[in-house]
$ cat data19.cif   # mmCIF, C-alpha atoms and all ligand atoms
data_final
#
loop_
_atom_site.label_atom_id
_atom_site.label_comp_id
_atom_site.auth_asym_id
_atom_site.auth_seq_id
_atom_site.Cartn_x
_atom_site.Cartn_y
_atom_site.Cartn_z
CA MET A 258 -8.44 -19.11 19.98
CA THR A 259 -9.90 -18.65 16.51
CA GLN A 260 -7.54 -18.79 13.56
CA ILE A 261 -6.43 -15.34 12.41
CA THR A 262 -5.09 -14.90 8.88
CA VAL A 263 -2.83 -11.91 8.33
CA ALA A 264 -2.18 -10.80 4.72
CA LEU A 265 1.21 -9.16 4.20
CA THR A 266 2.46 -7.13 1.25
CA LYS A 267 5.54 -8.69 -0.30
CA GLY A 268 8.65 -6.73 -1.25
CA ARG A 269 9.87 -3.61 0.47
CA ILE A 270 6.91 -3.42 2.86
CA LEU A 271 7.44 -7.05 3.95
CA GLN A 272 11.06 -6.32 4.91
CA GLU A 273 9.83 -3.62 7.28
CA THR A 274 6.75 -5.52 8.50
CA LEU A 275 8.54 -8.67 9.70
CA PRO A 276 10.62 -6.89 12.41
CA LEU A 277 7.45 -5.16 13.67
CA LEU A 278 5.61 -8.50 13.88
CA GLN A 279 8.62 -10.07 15.58
CA ALA A 280 8.70 -7.28 18.17
CA ALA A 281 4.97 -7.86 18.69
CA GLY A 282 5.67 -11.53 19.40
CA ILE A 283 4.59 -12.95 16.02
CA ALA A 284 7.31 -14.84 14.17
CA PRO A 285 6.96 -17.09 11.11
CA LEU A 286 8.25 -20.62 11.68
CA GLU A 287 10.45 -20.42 8.58
CA ASP A 288 12.31 -17.74 6.65
CA ILE A 289 9.59 -16.13 4.50
CA THR A 290 12.05 -14.23 2.33
CA ARG A 291 13.75 -17.48 1.21
CA SER A 292 10.63 -19.49 0.48
CA ARG A 293 8.28 -19.76 -2.49
CA LYS A 294 5.39 -20.63 -0.18
CA LEU A 295 2.55 -18.14 0.18
CA LEU A 296 1.09 -19.28 3.51
CA PHE A 297 3.16 -19.49 6.70
CA ALA A 298 2.51 -20.79 10.19
CA THR A 299 3.83 -18.70 13.09
CA ASN A 300 5.01 -19.30 16.66
CA GLN A 301 1.44 -18.42 17.68
CA ALA A 302 -0.55 -21.45 16.53
CA HIS A 303 -3.71 -19.40 15.82
CA ILE A 304 -1.95 -16.82 13.59
CA ARG A 305 -0.91 -17.53 10.01
CA LEU A 306 0.62 -15.21 7.45
CA LEU A 307 -0.26 -14.82 3.76
CA ILE A 308 2.20 -13.20 1.37
CA LEU A 309 0.48 -11.27 -1.43
CA ARG A 310 1.06 -8.56 -3.97
CA GLY A 311 0.14 -5.32 -2.23
CA VAL A 312 -2.70 -4.57 -4.60
CA ASP A 313 -4.44 -7.81 -3.55
CA VAL A 314 -4.18 -7.29 0.23
CA PRO A 315 -7.24 -5.00 0.60
CA THR A 316 -9.28 -7.39 -1.57
CA TYR A 317 -8.45 -10.42 0.60
CA VAL A 318 -9.31 -8.43 3.73
CA GLN A 319 -12.44 -6.83 2.23
CA PHE A 320 -13.97 -10.24 1.53
CA GLY A 321 -12.73 -11.85 4.76
CA ALA A 322 -10.31 -14.31 3.12
CA ALA A 323 -7.82 -12.62 5.44
CA ASP A 324 -8.86 -11.07 8.76
CA VAL A 325 -6.02 -8.57 9.00
CA GLY A 326 -3.74 -7.00 6.41
CA VAL A 327 -0.73 -4.75 5.98
CA ALA A 328 -0.78 -2.52 2.91
CA GLY A 329 0.52 0.83 1.71
CA LYS A 330 -1.84 3.78 2.03
CA ASP A 331 -1.41 4.32 -1.73
CA THR A 332 -2.89 0.87 -2.36
CA LEU A 333 -5.72 1.50 0.11
CA LEU A 334 -6.60 4.87 -1.44
CA GLU A 335 -6.75 3.23 -4.84
CA HIS A 336 -8.84 0.31 -3.55
CA GLY A 337 -11.33 2.65 -1.91
CA GLY A 338 -11.60 1.22 1.61
CA ASP A 339 -14.73 -0.98 1.38
CA GLY A 340 -15.11 -3.77 3.93
CA TYR A 341 -12.29 -3.01 6.34
CA TYR A 342 -11.20 -0.66 9.11
CA GLU A 343 -7.80 1.01 9.13
CA PRO A 344 -7.00 1.21 12.86
CA LEU A 345 -3.22 1.61 12.86
CA ASP A 346 -0.57 3.54 10.94
CA LEU A 347 2.51 1.31 11.14
CA GLY A 348 4.77 4.20 10.17
CA ILE A 349 6.84 2.04 7.81
CA ALA A 350 7.61 2.38 4.09
CA ALA A 351 6.97 6.11 4.25
CA CYS A 352 6.88 7.98 0.95
CA ARG A 353 4.70 10.46 -0.96
CA LEU A 354 2.21 10.09 -3.76
CA MET A 355 3.07 12.79 -6.29
CA THR A 356 2.48 13.91 -9.82
CA ALA A 357 5.61 14.19 -11.95
CA SER A 358 6.53 15.28 -15.43
CA VAL A 359 9.56 15.91 -17.63
CA ALA A 360 11.96 18.22 -15.75
CA GLY A 361 11.54 21.80 -16.91
CA ALA A 362 8.56 21.06 -19.16
CA PRO A 363 5.98 23.88 -19.18
CA PRO A 364 2.63 23.11 -17.55
CA VAL A 365 0.11 21.56 -19.94
CA GLU A 366 -2.74 23.84 -20.97
CA GLY A 367 -6.16 22.19 -21.22
CA ARG A 368 -6.69 18.47 -21.23
CA ILE A 369 -3.84 16.54 -19.66
CA ILE A 370 -2.91 12.87 -20.20
CA VAL A 371 -1.86 11.06 -17.03
CA ALA A 372 -0.28 7.60 -16.88
CA THR A 373 -0.50 5.77 -13.56
CA LYS A 374 -1.35 2.59 -11.74
CA TYR A 375 -3.39 4.78 -9.36
CA VAL A 376 -6.20 5.67 -11.78
CA ASN A 377 -8.88 6.15 -9.11
CA VAL A 378 -6.71 8.36 -6.93
CA ALA A 379 -5.50 10.35 -9.93
CA ARG A 380 -9.04 10.84 -11.25
CA GLN A 381 -10.13 12.28 -7.90
CA PHE A 382 -7.04 14.47 -7.65
CA TYR A 383 -7.34 16.12 -11.07
CA ALA A 384 -11.12 16.49 -10.61
CA ARG A 385 -10.47 18.38 -7.36
CA LEU A 386 -8.15 20.71 -9.27
CA GLY A 387 -10.86 21.16 -11.89
CA ARG A 388 -8.47 19.81 -14.55
CA GLN A 389 -9.74 17.93 -17.57
CA ALA A 390 -7.72 14.75 -17.66
CA GLU A 391 -7.48 11.42 -19.42
CA PHE A 392 -5.94 8.41 -17.67
CA ILE A 393 -3.80 5.58 -18.98
CA LYS A 394 -3.46 2.57 -16.68
CA LEU A 395 0.06 1.19 -16.34
CA TYR A 396 1.41 -1.51 -14.04
CA GLY A 397 5.02 -0.33 -13.66
CA ALA A 398 7.87 1.73 -15.13
CA MET A 399 5.57 4.75 -15.19
CA GLU A 400 8.60 7.03 -15.42
CA LEU A 401 8.93 6.10 -19.09
CA ALA A 402 5.50 7.44 -20.05
CA PRO A 403 6.30 11.19 -20.18
CA ILE A 404 9.67 10.54 -21.83
CA LEU A 405 8.12 8.49 -24.63
CA ASN A 406 5.19 10.91 -24.99
CA LEU A 407 2.65 8.38 -23.82
CA ALA A 408 1.49 10.90 -21.19
CA ASP A 409 2.10 14.45 -19.96
CA GLU A 410 2.31 13.48 -16.31
CA ILE A 411 2.46 10.42 -14.09
CA VAL A 412 1.10 9.79 -10.61
CA ASP A 413 3.47 7.59 -8.61
CA ILE A 414 5.06 7.16 -5.23
CA VAL A 415 8.27 9.06 -4.57
CA ASP A 416 10.65 8.10 -1.81
CA THR A 417 14.19 9.41 -2.34
CA GLY A 418 13.32 10.97 -5.72
CA LYS A 419 16.21 9.05 -7.32
CA THR A 420 14.02 7.18 -9.80
CA LEU A 421 12.48 10.41 -11.09
CA ALA A 422 15.87 12.13 -11.32
CA ALA A 423 17.47 9.15 -13.07
CA ASN A 424 14.80 9.37 -15.76
CA GLY A 425 14.83 13.13 -16.29
CA LEU A 426 11.56 13.77 -14.44
CA GLU A 427 10.65 16.07 -11.57
CA ALA A 428 7.94 15.88 -8.92
CA ARG A 429 5.17 18.46 -9.23
CA ASP A 430 2.09 18.21 -6.97
CA HIS A 431 1.88 16.41 -3.65
CA ILE A 432 -1.22 14.19 -3.47
CA ALA A 433 -0.81 12.29 -0.19
CA ASP A 434 1.68 11.19 2.44
CA ILE A 435 1.98 7.41 2.36
CA SER A 436 2.94 4.76 4.90
CA SER A 437 1.84 1.20 5.55
CA ARG A 438 -1.37 0.64 7.49
CA LEU A 439 -2.90 -2.23 9.40
CA ILE A 440 -6.37 -3.04 8.11
CA VAL A 441 -9.00 -5.32 9.66
CA ASN A 442 -12.01 -6.96 8.04
CA LYS A 443 -15.13 -5.30 9.49
CA ILE A 444 -16.93 -8.53 10.33
CA ALA A 445 -13.81 -10.24 11.74
CA MET A 446 -13.31 -7.20 14.00
CA LYS A 447 -16.59 -8.16 15.68
CA THR A 448 -16.51 -11.96 15.50
CA ASN A 449 -12.79 -12.34 16.41
CA TYR A 450 -12.58 -9.25 18.57
CA VAL A 451 -10.35 -10.67 21.31
CA SER A 452 -7.71 -12.25 19.06
CA ILE A 453 -7.58 -9.27 16.72
CA GLN A 454 -7.49 -6.73 19.54
CA HIS A 455 -4.57 -8.67 20.99
CA ILE A 456 -2.59 -8.35 17.75
CA LEU A 457 -3.58 -4.69 17.41
CA ASP A 458 -2.52 -3.81 20.95
CA ALA A 459 0.83 -5.58 20.58
CA LEU A 460 1.59 -3.82 17.29
CA ARG A 461 0.41 -0.46 18.60
CA LYS A 462 2.84 -0.78 21.52
CA VAL A 463 5.72 -1.56 19.14
CA VAL A 464 4.84 1.35 16.84
CA GLU A 465 4.45 3.81 19.72
CA GLY A 466 7.74 2.62 21.20
CA LYS A 467 9.51 3.46 17.95
CA GLN A 468 8.25 7.06 17.83
C1 LIG A 501 8.51 2.77 -6.46
C2 LIG A 501 7.97 3.84 -7.42
C3 LIG A 501 9.22 4.44 -7.99
C4 LIG A 501 10.24 4.26 -6.87
C5 LIG A 501 10.41 5.56 -6.14
O1 LIG A 501 8.71 1.60 -7.15
O2 LIG A 501 7.12 3.27 -8.40
O3 LIG A 501 9.62 3.75 -9.16
O4 LIG A 501 9.73 3.30 -5.96
O5 LIG A 501 11.45 5.48 -5.18
P1 LIG A 501 12.59 6.60 -5.14
O6 LIG A 501 11.93 7.95 -5.09
O7 LIG A 501 13.35 6.30 -3.85
O8 LIG A 501 13.46 6.45 -6.35
P2 LIG A 501 8.97 0.23 -6.38
O9 LIG A 501 10.45 0.04 -6.22
O10 LIG A 501 8.18 0.19 -5.11
O11 LIG A 501 8.47 -0.85 -7.38
P3 LIG A 501 7.11 -0.88 -8.23
O12 LIG A 501 7.44 -0.24 -9.55
O13 LIG A 501 6.83 -2.34 -8.34
O14 LIG A 501 6.05 -0.12 -7.47
#
$ encode --input "data19.cif" --output "structure tokens"
Amino acid sequence: MTQITVALTKGRILQETLPLLQAAGIAPLEDITRSRKLLFATNQAHIRLLILRGVDVPTYVQFGAADVGVAGKDTLLEHGGDGYYEPLDLGIAACRLMTASVAGAPPVEGRIIVATKYVNVARQFYARLGRQAEFIKLYGAMELAPILNLADEIVDIVDTGKTLAANGLEARDHIADISSRLIVNKIAMKTNYVSIQHILDALRKVVEGKQ
């Protein structure tokens, strides 16, 4: 069989992806979570796993450096979706993409300043609302931005809401429901159809069995 490279998102998503892969019969030959390596062989000689930052997963898959990927829908929305299909919702790492601002703060009149790592998604969202907005790109700790007057609002993922609450913020508008998705490079889907379909079917069975 042709070699299939699967790009995984490290961190929280990885913790939930590995049991799904295991149940689908794909197991790394060593403990990924205890290794500094980035590329791992599996029990299936033709499947190898890449461990990446989530934001890089769609890029690897878009350009065919990886055939298959697992990434959060938030990351995929921000990337834009070029070059890959999104055939399966894995139903893991579920959360919401929300706007948030200082708890109790009155709504901003006129032009609003928004800090986020999701600049593309945020731009589309505020444009849909017809709001004039300016965007500040951040790479983390977005919760600080409204508190330190860097921005009026943030756009970020909310799971339990604890991070917002711990920083005196509250969620405002719901932008999208998020979960991790399986993505497949469009060309690989044709050229490696059998191998990829095999992986897809196995994962789909696991996901459907969990519902
Ligand atoms: C995300 C997000 C929030 C937090 C929300 O960060 O940016 O900070 O989780 O979760 P909660 O509603 O349960 O408190 P994550 O831990 O994924 O790290 P990141 O900042 O690297 O994205």
$ residues_around --input "data19.cif" --residues "segment 337-343 of chain A" --least-positions-apart "5" --cutoff "9 Å" --atoms "all atoms listed in the file" --output "short mmCIF file (atom, residue, chain, number, x, y, z; two decimals) with C-alpha atoms, in the frame of the given file"
data_model
loop_
_atom_site.label_atom_id
_atom_site.label_comp_id
_atom_site.auth_asym_id
_atom_site.auth_seq_id
_atom_site.Cartn_x
_atom_site.Cartn_y
_atom_site.Cartn_z
CA PRO A 315 -7.24 -5.00 0.60
CA THR A 316 -9.28 -7.39 -1.57
CA VAL A 318 -9.31 -8.43 3.73
CA GLN A 319 -12.44 -6.83 2.23
CA PHE A 320 -13.97 -10.24 1.53
CA GLY A 321 -12.73 -11.85 4.76
CA VAL A 325 -6.02 -8.57 9.00
CA THR A 332 -2.89 0.87 -2.36
CA ASN A 377 -8.88 6.15 -9.11
CA VAL A 378 -6.71 8.36 -6.93
CA ARG A 438 -1.37 0.64 7.49
CA LEU A 439 -2.90 -2.23 9.40
CA ILE A 440 -6.37 -3.04 8.11
CA VAL A 441 -9.00 -5.32 9.66
CA ASN A 442 -12.01 -6.96 8.04
CA LYS A 443 -15.13 -5.30 9.49
CA ILE A 444 -16.93 -8.53 10.33
CA MET A 446 -13.31 -7.20 14.00
#
$ closest_atom_pairs --input "data19.cif" --of "chain A" --to "ligand LIG 501 (chain A)" --cutoff "6 Å" --atoms "all atoms listed in the file" --output "Markdown table"
| residue | atom | partner | partner_atom | distance |
| --- | --- | --- | --- | --- |
| A:Gly397 | CA | A:LIG501 | O12 | 4.8 |
| A:Ala398 | CA | A:LIG501 | O12 | 5.9 |
| A:Asp413 | CA | A:LIG501 | O2 | 5.7 |
| A:Ile414 | CA | A:LIG501 | C2 | 4.9 |
| A:Val415 | CA | A:LIG501 | O6 | 3.9 |
| A:Asp416 | CA | A:LIG501 | O6 | 3.5 |
| A:Thr417 | CA | A:LIG501 | O7 | 3.6 |
| A:Gly418 | CA | A:LIG501 | O6 | 3.4 |
| A:Lys419 | CA | A:LIG501 | O8 | 3.9 |
| A:Thr420 | CA | A:LIG501 | O8 | 3.6 |
$ closest_atom_pairs --input "data19.cif" --of "segment 268-344 of chain A" --to "segment 451-458 of chain A" --cutoff "10 Å" --atoms "all atoms listed in the file" --output "tab-separated table"
residue	atom	partner	partner_atom	distance
A:Leu278	CA	A:Ile456	CA	9.1
A:Ala281	CA	A:Ile456	CA	7.6
A:Gly282	CA	A:Ile456	CA	9.0
A:Ile283	CA	A:Ile456	CA	8.7
A:His303	CA	A:Ser452	CA	8.8
A:Ile304	CA	A:Ser452	CA	9.2
A:Asp324	CA	A:Ile453	CA	8.3
A:Val325	CA	A:Ile453	CA	7.9
A:Pro344	CA	A:Leu457	CA	8.2
$ residues_near_point --input "data19.cif" --point "(-6.2, 9.6, -17.2)" --cutoff "8 Å" --atoms "all atoms listed in the file" --output "JSON, numbers by chain"
{"A": [369, 370, 371, 372, 373, 376, 379, 380, 390, 391, 392, 393, 394]}
$ atom_distance --input "data19.cif" --atom1 "atom CA of Val263 of chain A" --atom2 "atom CA of Val327 of chain A"
7.8 Å
$ atom_distance --input "data19.cif" --atom1 "atom CA of Gly348 of chain A" --atom2 "atom CA of Leu265 of chain A"
15.1 Å
$ atom_distance --input "data19.cif" --atom1 "atom CA of Lys267 of chain A" --atom2 "atom CA of Leu306 of chain A"
11.3 Å
$ closest_residue --input "data19.cif" --among "A:Arg305, A:His431, A:Leu426, A:Glu273" --to "Pro285 of chain A" --atoms "only C-alpha atoms"
A:Arg305
$ axis_aligned_box --input "data19.cif" --around "segment 359-367 of chain A" --padding-each-side "8 Å" --output "lines of an AutoDock Vina configuration file"
center_x = 2.9
center_y = 19.9
center_z = -18.5
size_x = 34.1
size_y = 24.0
size_z = 21.5
$ closest_residue --input "data19.cif" --among "A:Tyr450, A:Val359, A:Leu395, A:Glu427" --to "Asp409 of chain A" --atoms "only C-alpha atoms"
A:Val359
$ residues_around --input "data19.cif" --residues "Lys330 of chain A" --least-positions-apart "3" --cutoff "12 Å" --atoms "all atoms listed in the file" --output "count of residues only"
37
$ closest_residue --input "data19.cif" --among "A:Ala264, A:Leu386, A:Ala323, A:Leu286" --to "Arg310 of chain A" --atoms "all atoms listed in the file"
A:Ala264
$ closest_residue --input "data19.cif" --among "A:Gly361, A:Gly367, A:Gly466, A:Gly387" --to "Gly425 of chain A" --atoms "all atoms listed in the file"
A:Gly361
$ closest_residue --input "data19.cif" --among "A:Ala284, A:Ala428, A:Asp313, A:Asp331" --to "Asn300 of chain A" --atoms "only C-alpha atoms"
A:Ala284
$ closest_residue --input "data19.cif" --among "A:Ser358, A:Lys462, A:Gln389, A:Glu287" --to "Leu407 of chain A" --atoms "only C-alpha atoms"
A:Ser358
